[in-house]
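target-v7.csv, holding CSV, C-alpha atoms:
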chain,number,residue,atom,x,y,z
T,238,MET,CA,-49.5,-65.9,-40.4
T,239,ASN,CA,-52.0,-65.4,-37.7
T,240,PHE,CA,-50.8,-63.1,-34.9
T,241,PHE,CA,-52.5,-62.9,-31.5
T,242,PRO,CA,-55.7,-64.7,-32.6
T,243,ASP,CA,-57.4,-64.6,-29.2
T,244,GLU,CA,-56.8,-64.1,-25.6
T,245,THR,CA,-56.2,-67.6,-24.5
T,246,GLY,CA,-52.9,-68.2,-26.4
T,247,ARG,CA,-50.7,-66.2,-28.5
T,248,MET,CA,-49.9,-68.2,-31.5
T,249,SER,CA,-47.4,-65.9,-33.1
T,250,GLN,CA,-44.3,-67.8,-34.3
T,251,PHE,CA,-40.7,-67.0,-34.7
T,252,ASP,CA,-39.5,-66.9,-38.3
T,253,GLN,CA,-37.5,-70.0,-39.2
T,254,SER,CA,-34.5,-67.9,-40.3
T,255,ILE,CA,-34.5,-66.2,-36.9
T,256,THR,CA,-34.6,-69.5,-35.1
T,257,ASP,CA,-31.7,-70.8,-37.1
T,258,ALA,CA,-29.7,-67.6,-36.6
T,259,LEU,CA,-30.4,-67.8,-32.9
T,260,ILE,CA,-28.8,-71.3,-32.7
T,261,GLU,CA,-26.0,-70.5,-35.1
T,262,GLN,CA,-24.9,-67.3,-33.6
T,263,GLN,CA,-25.1,-68.3,-30.0
T,264,SER,CA,-21.6,-67.4,-29.2
T,265,SER,CA,-21.7,-63.9,-30.7
T,266,ILE,CA,-25.0,-63.2,-28.9
T,267,GLN,CA,-23.4,-64.3,-25.7
T,268,ALA,CA,-20.5,-62.0,-26.2
T,269,ALA,CA,-22.7,-59.0,-26.9
T,270,TRP,CA,-24.9,-59.9,-24.0
T,271,LEU,CA,-21.9,-60.2,-21.6
T,272,ALA,CA,-20.8,-56.8,-22.8
T,273,THR,CA,-24.2,-55.3,-22.1
T,274,LEU,CA,-24.3,-56.9,-18.7
T,275,GLU,CA,-20.9,-55.6,-17.9
T,276,GLU,CA,-21.9,-52.1,-18.9
T,277,SER,CA,-25.1,-52.1,-16.8
T,278,GLY,CA,-23.1,-53.1,-13.7
T,279,ALA,CA,-25.8,-55.5,-12.7
T,280,VAL,CA,-23.5,-58.4,-12.2
T,281,ARG,CA,-21.0,-57.0,-9.8
T,282,GLY,CA,-20.0,-59.6,-7.3
T,283,VAL,CA,-20.8,-62.5,-9.7
T,284,ARG,CA,-17.7,-64.3,-10.8
T,285,ALA,CA,-16.8,-64.0,-14.5
T,286,ASP,CA,-16.6,-67.7,-15.3
T,287,GLU,CA,-19.9,-68.3,-13.4
T,288,LEU,CA,-21.6,-65.6,-15.4
T,289,LYS,CA,-20.2,-67.0,-18.6
T,290,LYS,CA,-21.7,-70.4,-17.8
T,291,GLN,CA,-25.0,-68.9,-16.8
T,292,THR,CA,-25.3,-66.9,-20.0
T,293,ALA,CA,-24.4,-69.9,-22.1
T,294,ASP,CA,-26.8,-72.1,-20.3
T,295,PHE,CA,-29.6,-69.6,-20.6
T,296,LEU,CA,-29.0,-69.0,-24.3
T,297,LYS,CA,-29.0,-72.8,-24.9
T,298,LEU,CA,-32.3,-73.1,-23.0
T,299,PHE,CA,-33.7,-70.1,-24.8
T,300,SER,CA,-33.0,-71.4,-28.3
T,301,GLU,CA,-34.3,-74.8,-27.2
T,302,GLY,CA,-37.4,-73.1,-25.9
T,303,VAL,CA,-37.9,-71.2,-29.1
T,304,VAL,CA,-37.6,-74.4,-31.2
T,305,GLU,CA,-39.8,-76.5,-28.9
T,306,SER,CA,-42.5,-74.1,-28.3
T,307,GLY,CA,-42.1,-72.3,-31.7
T,308,GLY,CA,-42.0,-69.0,-29.9
T,309,ASP,CA,-45.3,-69.8,-28.3
T,310,TYR,CA,-46.6,-68.1,-25.2
T,311,TRP,CA,-44.3,-68.1,-22.1
T,312,GLY,CA,-46.6,-70.5,-20.2
T,313,ALA,CA,-46.1,-73.3,-22.8
T,314,ASN,CA,-44.3,-76.5,-21.9
T,315,GLY,CA,-41.3,-75.8,-24.1
T,316,TRP,CA,-40.2,-73.1,-21.6
T,317,ALA,CA,-40.2,-75.4,-18.5
T,318,GLY,CA,-36.4,-75.7,-18.6
T,319,THR,CA,-35.9,-72.0,-18.9
T,320,ARG,CA,-38.3,-71.3,-16.0
T,321,GLU,CA,-36.4,-73.7,-13.8
T,322,PHE,CA,-33.1,-72.2,-14.8
T,323,LEU,CA,-34.4,-68.6,-14.0
T,324,GLU,CA,-35.8,-69.8,-10.7
T,325,ALA,CA,-32.5,-71.3,-9.6
T,326,LEU,CA,-30.7,-68.2,-10.9
T,327,SER,CA,-32.8,-65.7,-9.0
T,328,HIS,CA,-32.6,-67.9,-5.9
T,329,SER,CA,-28.8,-67.8,-6.0
T,330,ARG,CA,-28.9,-64.0,-6.7
T,331,ALA,CA,-31.1,-63.4,-3.7
T,332,LEU,CA,-28.7,-65.4,-1.5
T,333,GLN,CA,-25.7,-63.5,-2.9
T,334,GLY,CA,-27.4,-60.3,-1.8
T,335,LEU,CA,-28.1,-58.7,-5.2
T,336,ASP,CA,-31.2,-56.6,-5.5
T,337,ALA,CA,-34.2,-57.2,-7.7
T,338,GLN,CA,-33.1,-54.7,-10.4
T,339,GLN,CA,-29.8,-56.4,-10.8
T,340,THR,CA,-31.4,-59.8,-11.0
T,341,ALA,CA,-34.0,-58.7,-13.6
T,342,THR,CA,-31.3,-56.9,-15.7
T,343,PHE,CA,-29.7,-60.2,-16.3
T,344,VAL,CA,-32.7,-61.1,-18.5
T,345,PHE,CA,-33.6,-57.6,-19.8
T,346,SER,CA,-30.0,-56.9,-21.0
T,347,LEU,CA,-30.5,-59.8,-23.5
T,348,LYS,CA,-32.9,-57.6,-25.4
T,349,ARG,CA,-30.4,-55.5,-27.3
T,350,PRO,CA,-28.3,-58.4,-28.6
T,351,LEU,CA,-31.4,-60.1,-29.8
T,352,PHE,CA,-32.8,-57.0,-31.4
T,353,ASP,CA,-29.4,-56.6,-33.2
T,354,LEU,CA,-29.7,-60.1,-34.3
T,355,LEU,CA,-33.1,-59.5,-35.7
T,356,GLN,CA,-32.0,-56.5,-37.6
T,357,ARG,CA,-29.1,-58.3,-39.1
T,358,GLU,CA,-31.4,-60.9,-40.5
T,359,THR,CA,-32.2,-59.1,-43.8
T,360,SER,CA,-34.2,-62.1,-45.1
T,361,VAL,CA,-37.1,-61.2,-42.8
T,362,PRO,CA,-39.5,-58.7,-44.4
T,363,PRO,CA,-39.8,-55.5,-42.5
T,364,ALA,CA,-43.5,-55.9,-41.6
T,365,SER,CA,-42.7,-59.3,-40.1
T,366,LEU,CA,-39.7,-57.9,-38.3
T,367,VAL,CA,-41.8,-55.6,-36.1
T,368,THR,CA,-43.8,-58.6,-35.0
T,369,GLN,CA,-40.7,-60.6,-34.3
T,370,ILE,CA,-39.3,-57.8,-32.2
T,371,THR,CA,-42.5,-57.5,-30.3
T,372,LEU,CA,-42.5,-61.2,-29.7
T,373,VAL,CA,-38.9,-61.3,-28.4
T,374,SER,CA,-39.6,-58.3,-26.3
T,375,GLU,CA,-42.7,-59.8,-24.8
T,376,LEU,CA,-41.0,-63.1,-24.1
T,377,LEU,CA,-38.1,-61.4,-22.4
T,378,ASP,CA,-40.5,-59.3,-20.4
T,379,MET,CA,-42.3,-62.4,-19.2
T,380,MET,CA,-39.0,-64.0,-18.3
T,381,GLY,CA,-37.9,-60.8,-16.4
T,382,LEU,CA,-41.1,-60.7,-14.5
T,383,HIS,CA,-40.8,-64.4,-13.6
T,384,THR,CA,-37.3,-63.8,-12.4
T,385,VAL,CA,-38.3,-60.9,-10.2
T,386,ARG,CA,-41.2,-62.9,-8.8
T,387,THR,CA,-39.0,-65.8,-7.9
T,388,PHE,CA,-36.4,-63.4,-6.6
T,389,GLN,CA,-39.0,-61.8,-4.3
T,390,LYS,CA,-40.2,-65.2,-3.1
T,391,ALA,CA,-36.6,-66.2,-2.3
T,392,ARG,CA,-36.1,-63.0,-0.4
T,393,GLU,CA,-39.4,-63.4,1.5
T,394,SER,CA,-38.4,-66.9,2.5
T,395,VAL,CA,-35.1,-65.6,3.8
T,396,ILE,CA,-37.0,-62.9,5.8
T,397,LYS,CA,-39.4,-65.5,7.2
T,398,ARG,CA,-36.6,-67.7,8.3
T,399,GLN,CA,-34.8,-64.8,10.0
T,400,GLN,CA,-38.1,-63.9,11.7
T,401,GLU,CA,-38.4,-67.4,13.1
T,402,GLU,CA,-34.8,-67.4,14.2
T,403,LEU,CA,-35.3,-64.0,15.9
T,404,LEU,CA,-38.3,-65.5,17.6
T,405,GLU,CA,-36.3,-68.3,19.0
T,406,LEU,CA,-33.5,-66.1,20.0
T,407,SER,CA,-35.7,-63.6,21.7
T,408,THR,CA,-36.9,-66.1,24.2
T,409,PRO,CA,-34.0,-67.7,26.0
T,410,VAL,CA,-34.6,-69.9,29.0
T,411,VAL,CA,-31.8,-69.4,31.5
T,412,LYS,CA,-30.9,-71.5,34.5
T,413,LEU,CA,-30.6,-69.5,37.6
T,414,TRP,CA,-29.9,-72.2,40.1
T,415,ASP,CA,-30.2,-76.0,40.3
T,416,GLY,CA,-33.9,-76.5,39.8
T,417,VAL,CA,-34.7,-72.8,39.1
T,418,LEU,CA,-35.3,-71.6,35.5
T,419,ALA,CA,-35.9,-68.1,34.4
T,420,LEU,CA,-37.4,-66.7,31.2
T,421,PRO,CA,-36.7,-63.0,30.7
T,422,MET,CA,-39.4,-61.9,28.2
T,423,ILE,CA,-38.6,-58.9,26.1
T,424,GLY,CA,-41.1,-57.3,23.6
T,425,THR,CA,-44.7,-57.7,22.9
T,426,LEU,CA,-46.4,-61.0,23.7
T,427,ASP,CA,-48.6,-62.3,20.9
T,428,SER,CA,-50.1,-65.7,20.5
T,429,GLN,CA,-47.4,-67.1,18.3
T,430,ARG,CA,-44.7,-65.9,20.6
T,431,THR,CA,-46.4,-67.2,23.6
T,432,GLN,CA,-46.7,-70.6,21.9
T,433,VAL,CA,-42.9,-70.7,21.2
T,434,VAL,CA,-42.1,-69.4,24.7
T,435,MET,CA,-44.4,-71.9,26.4
T,436,GLU,CA,-43.0,-74.8,24.4
T,437,SER,CA,-39.4,-74.0,25.0
T,438,LEU,CA,-39.9,-73.3,28.7
T,439,LEU,CA,-41.9,-76.5,29.2
T,440,GLN,CA,-39.3,-78.5,27.3
T,441,ARG,CA,-36.5,-77.1,29.4
T,442,ILE,CA,-38.4,-77.9,32.6
T,443,VAL,CA,-38.6,-81.5,31.5
T,444,ASP,CA,-35.0,-81.6,30.4
T,445,THR,CA,-33.6,-80.0,33.6
T,446,GLY,CA,-36.2,-81.3,36.0
T,447,SER,CA,-36.6,-77.9,37.5
T,448,ASP,CA,-39.2,-77.3,40.1
T,449,ILE,CA,-39.6,-73.5,39.7
T,450,ALA,CA,-39.8,-71.4,36.7
T,451,ILE,CA,-39.7,-67.6,36.9
T,452,ILE,CA,-41.2,-65.6,34.0
T,453,ASP,CA,-39.8,-62.0,34.1
T,454,ILE,CA,-42.0,-59.5,32.2
T,455,THR,CA,-39.9,-56.4,32.9
T,456,GLY,CA,-39.3,-56.1,29.1
T,457,VAL,CA,-42.9,-56.5,28.2
T,458,PRO,CA,-44.1,-53.0,27.4
T,459,THR,CA,-47.8,-53.4,28.0
T,460,VAL,CA,-50.0,-56.0,29.5
T,461,ASP,CA,-53.5,-56.2,28.2
T,462,THR,CA,-56.2,-58.9,28.5
T,463,LEU,CA,-54.7,-61.0,25.8
T,464,VAL,CA,-51.2,-61.0,27.3
T,465,ALA,CA,-52.7,-61.8,30.7
T,466,GLN,CA,-54.5,-64.7,29.2
T,467,HIS,CA,-51.4,-66.0,27.5
T,468,LEU,CA,-49.5,-65.7,30.8
T,469,LEU,CA,-52.3,-67.6,32.6
T,470,LYS,CA,-52.1,-70.3,30.0
T,471,THR,CA,-48.4,-70.7,30.5
T,472,VAL,CA,-48.7,-70.7,34.2
T,473,THR,CA,-51.4,-73.4,34.1
T,474,ALA,CA,-49.4,-75.5,31.7
T,475,ILE,CA,-46.3,-75.3,34.0
T,476,ARG,CA,-48.5,-76.3,37.0
T,477,LEU,CA,-49.9,-79.3,35.1
T,478,MET,CA,-46.3,-80.4,34.4
T,479,GLY,CA,-45.7,-80.4,38.1
T,480,ALA,CA,-43.6,-77.3,38.5
T,481,ASP,CA,-44.3,-73.9,40.0
T,482,CYS,CA,-44.3,-70.6,38.2
T,483,ILE,CA,-43.5,-67.1,39.5
T,484,ILE,CA,-44.2,-64.0,37.5
T,485,SER,CA,-41.7,-61.2,38.2
T,486,GLY,CA,-41.1,-57.7,36.9
T,487,VAL,CA,-44.5,-56.3,37.4
T,488,ARG,CA,-43.8,-52.6,37.1
T,489,PRO,CA,-46.1,-50.0,38.8
T,490,GLN,CA,-47.8,-49.0,35.5
T,491,ILE,CA,-48.4,-52.6,34.6
T,492,ALA,CA,-49.9,-53.3,38.0
T,493,GLN,CA,-52.2,-50.3,37.6
T,494,THR,CA,-53.2,-51.5,34.1
T,495,ILE,CA,-54.0,-55.0,35.4
T,496,VAL,CA,-56.1,-53.6,38.2
T,497,HIS,CA,-57.9,-51.1,35.8
T,498,LEU,CA,-58.7,-53.9,33.4
T,499,GLY,CA,-60.0,-56.0,36.2
T,500,LEU,CA,-57.8,-58.9,35.2
T,501,ASP,CA,-57.9,-62.0,37.3
T,502,LEU,CA,-54.5,-63.2,38.1
T,503,GLU,CA,-55.8,-65.3,40.9
T,504,GLY,CA,-53.5,-68.2,41.7
T,505,ILE,CA,-50.5,-66.7,40.1
T,506,VAL,CA,-47.6,-65.7,42.3
T,507,THR,CA,-46.3,-62.3,41.3
T,508,LYS,CA,-43.3,-60.4,42.4
T,509,ALA,CA,-42.1,-56.9,41.7
T,510,ASN,CA,-38.7,-57.9,40.5
T,511,LEU,CA,-36.6,-60.8,39.6
T,512,ALA,CA,-34.5,-60.7,42.8
T,513,ASP,CA,-37.6,-61.1,44.9
T,514,ALA,CA,-38.8,-64.0,42.8
T,515,PHE,CA,-35.4,-65.6,43.0
T,516,ALA,CA,-35.3,-65.2,46.7
T,517,LEU,CA,-38.7,-66.9,46.9
T,518,ALA,CA,-37.6,-69.7,44.7
T,519,LEU,CA,-34.5,-70.3,46.9
T,520,ARG,CA,-36.7,-70.3,50.0
T,521,ARG,CA,-39.1,-72.8,48.5
T,522,SER,CA,-36.2,-75.0,47.6
T,523,GLY,CA,-35.1,-74.8,51.2
T,524,LEU,CA,-32.0,-72.8,50.6
T,525,THR,CA,-30.9,-69.6,52.4
T,526,VAL,CA,-28.4,-67.0,51.4
T,527,THR,CA,-26.1,-65.8,54.2
T,528,LYS,CA,-23.0,-63.6,54.3
T,529,ALA,CA,-19.8,-65.6,54.3
T,530,SER,CA,-18.2,-63.9,57.3
I,855,MET,CA,-59.1,-107.2,27.9
I,856,GLU,CA,-56.3,-104.7,28.0
I,857,ARG,CA,-55.9,-103.1,31.4
I,858,ILE,CA,-53.6,-100.5,32.9
I,859,PRO,CA,-51.9,-102.1,35.9
I,860,ILE,CA,-52.4,-100.6,39.4
I,861,LEU,CA,-49.5,-101.5,41.7
I,862,ARG,CA,-49.6,-101.3,45.4
I,863,MET,CA,-46.7,-99.9,47.3
I,864,GLY,CA,-47.6,-99.8,51.0
I,865,GLU,CA,-50.3,-97.3,51.4
I,866,ILE,CA,-49.8,-95.9,47.9
I,867,LEU,CA,-51.2,-97.0,44.6
I,868,LEU,CA,-49.0,-96.6,41.6
I,869,VAL,CA,-50.6,-96.3,38.2
I,870,THR,CA,-48.3,-96.0,35.2
I,871,VAL,CA,-49.8,-95.4,31.8
I,872,GLN,CA,-47.4,-97.0,29.4
I,873,VAL,CA,-49.6,-97.4,26.4
I,874,GLU,CA,-51.5,-94.9,24.3
I,875,MET,CA,-54.7,-94.3,26.2
I,876,HIS,CA,-57.9,-94.9,24.4
I,877,ASP,CA,-61.4,-94.2,25.6
I,878,GLN,CA,-62.3,-97.7,26.8
I,879,LEU,CA,-59.0,-98.1,28.6
I,880,ALA,CA,-59.5,-94.9,30.4
I,881,LEU,CA,-63.0,-95.9,31.5
I,882,THR,CA,-61.7,-99.3,32.7
I,883,LEU,CA,-58.9,-97.6,34.6
I,884,GLN,CA,-61.4,-95.3,36.3
I,885,GLU,CA,-63.5,-98.3,37.5
I,886,ASP,CA,-60.4,-100.4,38.5
I,887,LEU,CA,-58.9,-97.6,40.5
I,888,ALA,CA,-62.0,-96.9,42.4
I,889,GLU,CA,-62.3,-100.6,43.3
I,890,ARG,CA,-58.7,-100.8,44.3
I,891,ILE,CA,-58.7,-97.7,46.5
I,892,SER,CA,-61.7,-99.0,48.4
I,893,ALA,CA,-60.2,-102.5,48.6
I,894,THR,CA,-56.8,-101.5,49.8
I,895,ALA,CA,-57.7,-98.4,51.8
I,896,ALA,CA,-54.9,-96.5,50.0
I,897,ARG,CA,-53.9,-93.1,51.3
I,898,GLY,CA,-52.2,-91.9,48.2
I,899,VAL,CA,-52.4,-92.5,44.4
I,900,LEU,CA,-49.6,-91.7,42.0
I,901,ILE,CA,-50.5,-91.5,38.3
I,902,ASP,CA,-47.6,-91.5,36.0
I,903,ILE,CA,-48.5,-90.2,32.5
I,904,SER,CA,-45.0,-89.6,31.2
I,905,ALA,CA,-45.5,-92.1,28.3
I,906,LEU,CA,-48.7,-90.4,27.3
I,907,GLU,CA,-48.0,-88.2,24.2
I,908,ILE,CA,-51.4,-87.6,22.7
I,909,VAL,CA,-54.6,-86.5,24.5
I,910,ASP,CA,-57.9,-85.5,23.2
I,911,SER,CA,-60.7,-83.8,25.1
I,912,PHE,CA,-62.1,-87.1,26.3
I,913,ILE,CA,-58.8,-88.4,27.6
I,914,GLY,CA,-58.2,-85.0,29.2
I,915,ARG,CA,-61.5,-85.2,31.0
I,916,MET,CA,-60.8,-88.8,32.1
I,917,ILE,CA,-57.5,-87.8,33.6
I,918,ALA,CA,-59.3,-85.0,35.5
I,919,ASN,CA,-62.0,-87.4,36.6
I,920,ILE,CA,-59.6,-90.1,37.7
I,921,SER,CA,-57.6,-87.6,39.7
I,922,SER,CA,-60.6,-86.1,41.4
I,923,LEU,CA,-62.2,-89.5,42.0
I,924,SER,CA,-59.3,-90.8,44.1
I,925,ARG,CA,-59.2,-87.5,45.9
I,926,ILE,CA,-62.9,-87.9,46.9
I,927,MET,CA,-62.1,-91.4,48.1
I,928,ASP,CA,-59.7,-89.8,50.5
I,929,ALA,CA,-56.5,-90.7,48.7
I,930,GLN,CA,-54.2,-87.9,48.0
I,931,THR,CA,-53.5,-87.9,44.2
I,932,VAL,CA,-50.5,-86.7,42.4
I,933,LEU,CA,-50.3,-86.6,38.6
I,934,VAL,CA,-46.7,-86.9,37.5
I,935,GLY,CA,-44.6,-86.6,34.3
I,936,MET,CA,-47.0,-84.8,32.0
I,937,GLN,CA,-45.4,-84.1,28.7
I,938,PRO,CA,-45.2,-80.4,27.5
I,939,ALA,CA,-47.4,-81.1,24.5
I,940,VAL,CA,-50.0,-82.7,26.7
I,941,ALA,CA,-49.9,-79.8,29.1
I,942,ILE,CA,-50.3,-77.3,26.3
I,943,THR,CA,-53.2,-79.3,24.8
I,944,LEU,CA,-55.0,-79.6,28.2
I,945,VAL,CA,-54.6,-75.8,28.7
I,946,GLU,CA,-55.9,-75.1,25.2
I,947,LEU,CA,-58.9,-77.4,25.9
I,948,GLY,CA,-59.6,-75.4,29.1
I,949,LEU,CA,-58.9,-78.4,31.3
I,950,ASN,CA,-56.9,-76.7,34.1
I,951,LEU,CA,-57.3,-79.7,36.5
I,952,PRO,CA,-57.9,-77.5,39.5
I,953,GLY,CA,-57.0,-79.1,42.8
I,954,VAL,CA,-55.0,-81.8,41.3
I,955,ALA,CA,-51.5,-82.0,42.7
I,956,THR,CA,-48.7,-82.4,40.1
I,957,ALA,CA,-45.1,-83.3,40.1
I,958,LEU,CA,-42.3,-83.5,37.5
I,959,ASN,CA,-41.5,-87.2,37.9
I,960,VAL,CA,-42.4,-90.3,40.0
I,961,ASP,CA,-39.6,-89.6,42.4
I,962,ARG,CA,-40.8,-86.2,43.4
I,963,GLY,CA,-44.4,-87.3,43.3
I,964,MET,CA,-43.7,-90.0,45.8
I,965,LYS,CA,-41.8,-87.6,48.0
I,966,LEU,CA,-44.9,-85.3,47.9
I,967,LEU,CA,-47.2,-88.1,48.9
I,968,LEU,CA,-45.0,-89.3,51.8
I,969,ASP,CA,-44.5,-85.7,53.1
I,970,SER,CA,-48.3,-85.1,53.2
I,971,ALA,CA,-48.8,-88.5,54.8
I,972,GLN,CA,-46.3,-87.6,57.5
I,973,ARG,CA,-48.1,-84.3,58.1
I,974,GLN,CA,-51.3,-86.1,58.7

Once you've parsed the file, please lay out its structure as structure tokens.
Amino acid sequence: MNFFPDETGRMSQFDQSITDALIEQQSSIQAAWLATLEESGAVRGVRADELKKQTADFLKLFSEGVVESGGDYWGANGWAGTREFLEALSHSRALQGLDAQQTATFVFSLKRPLFDLLQRETSVPPASLVTQITLVSELLDMMGLHTVRTFQKARESVIKRQQEELLELSTPVVKLWDGVLALPMIGTLDSQRTQVVMESLLQRIVDTGSDIAIIDITGVPTVDTLVAQHLLKTVTAIRLMGADCIISGVRPQIAQTIVHLGLDLEGIVTKANLADAFALALRRSGLTVTKAS
Amino acid sequence: MERIPILRMGEILLVTVQVEMHDQLALTLQEDLAERISATAARGVLIDISALEIVDSFIGRMIANISSLSRIMDAQTVLVGMQPAVAITLVELGLNLPGVATALNVDRGMKLLLDSAQRQ
């Protein structure tokens, strides 16, 4: 037999007797695997019947993969089913809240039952046995790594989605009065956030037909040239739509920074606090606030 | 040839863009509007672009041109009903349309025109 002939593909093969044993002794391997899994504590929180199905499915796919690819390199076509299965598995594990180690252990804990199986196969000559063990070990390592990689991807997508949700949540547009909208901005303004803020505010202006929008920047820690530019863009877009914009919440430090930076906020109505801005908005709408008695 | 209709309501001309504006259409509108303002001696022009969903730099510039053109011809111009996406695009393109009056919808645009006509 020719083992590891070159770097492009590893042509080592599983011994026929091993392949047979793998298929014949599936249930005993599964039992041993389940015991190892239980011991490692990596499957806490996964239902027993679900786990049983998963291990059975995986073993079936594994032996199919061994037969179809002849134990060929992990990237071969014969492993496509196994890959898909592992991807689905790590995805569900990620959603269940298990960590990467627990997910990878699912695959790695299969090593011992398989090694035991190899040892039991006395028909295999000892020299070949070492190669077979290496082969199984490498294959399982690749599977484990694949699982971890998919797991990580799934987690990353969860984080990304949460970030987007947070972005949406952090920019609520509130209605102060009939025809007066307010947008309390909290946190640093970057391009992406400004885009989201601008879009949601403009959309709300159209939906509610509001004449005046107040952007409150009390919660914005710093105002630099970039933030000022974003604000200017938003104000211009609002004006183009036919509504007016007031910026409120300009704190003393921010006012100083703006002056120091020499920023041009020409044409933008600014107020020190939201109350002043609201009072101006009411005045512009032709409303007055008076005491009841 | 396809044309954007210009309707006369007393002293006000009403232009509603109901189709996707392409370059030739915008140029034709510019010429037509100039003709109509001089022919009717209109005091106000209301341009409704609420159906306009896509603008490029040329159309953006044409909107600015048409608006400032009628202003030069002594007709107060109000641009109404700009969609959020259009507004964002124009701002990103650097077309701030300085000096062009805007309103949220035709109703408010009309009120704005009548108010300013009364003041004069």

Range 892-909 of chain I surroundings by all atoms listed in the file, 7 Å radius, close-in-sequence under 2 positions cut, as a ChimeraX atom specification: /I:865-874,888-890,911,913-914,928-937,940,960,963,967

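The coordinates place CA of Gln339 in chain T at 17.6 Å from CA of Lys290 in chain T.
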
Option closest in space to Gln884 in chain I, from I:Thr956, I:Ser924, I:Gln972, I:Thr943 [counting all atoms listed in the file]: I:Ser924

Atomic distance CA of Gln493 in chain T - CA of Asp513 in chain T, expressed in Å with one decimal: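 Between these atoms lies a distance of 19.6 Å.
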
Distance-based interface of chain T with chain I, 10 Å, counting all atoms listed in the file, as a list in words: Gln432, Met435, Glu436, Ser437, Leu438, Leu439, Gln440, Arg441, Ile442, Val443, Gly446, Ser447, Asp448, Leu469, Lys470, Thr471, Val472, Thr473, Ala474, Ile475, Arg476, Leu477, Met478, Gly479, Ala480 and Asp481 of chain T

Who sits within 12 Å of Lys390 in chain T, all atoms listed in the file, same chain under 4 positions skipped, as a list in words: Glu324, Ala325, Ser327, His328, Arg330, Ala331, Leu332, Ala337, His383, Thr384, Val385, Arg386, Ser394, Val395, Ile396 and Lys397 of chain T

Interatomic distance, CA of Arg281 in chain T to CA of Leu335 in chain T (Å, one decimal): 8.6 Å

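Each of T:Ser485, T:Ser407, T:Thr527, T:Ser265 was compared to Thr292 in chain T using all atoms listed in the file, and T:Ser265 turns out to be the nearest.
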
Nearby residues (all atoms listed in the file) at most 9 Å from Thr462 in chain T, same-chain spacing under 5 positions excluded, as a ChimeraX atom specification: /T:467,495,498,500

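In this comparison, which uses only C-alpha atoms, the residue of T:Met380, T:Ala272, T:Val496, T:Leu511 approaching Gly318 in chain T most closely is T:Met380.
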
Long-range neighbours of range 368-376 of chain T as a VMD selection string, 7 Å cut-off, all atoms listed in the file, 4 positions minimum in chain: chain T and resid 251 311 348 352 380

With C-alpha atoms retained, could you export that selection as a compact mmCIF listing (two decimals), in the frame of the given file?
# COMPACT_ATOMS: atom_id res chain seq x y z
CA PHE T 251 -40.70 -67.00 -34.70
CA TRP T 311 -44.30 -68.10 -22.10
CA LYS T 348 -32.90 -57.60 -25.40
CA PHE T 352 -32.80 -57.00 -31.40
CA MET T 380 -39.00 -64.00 -18.30
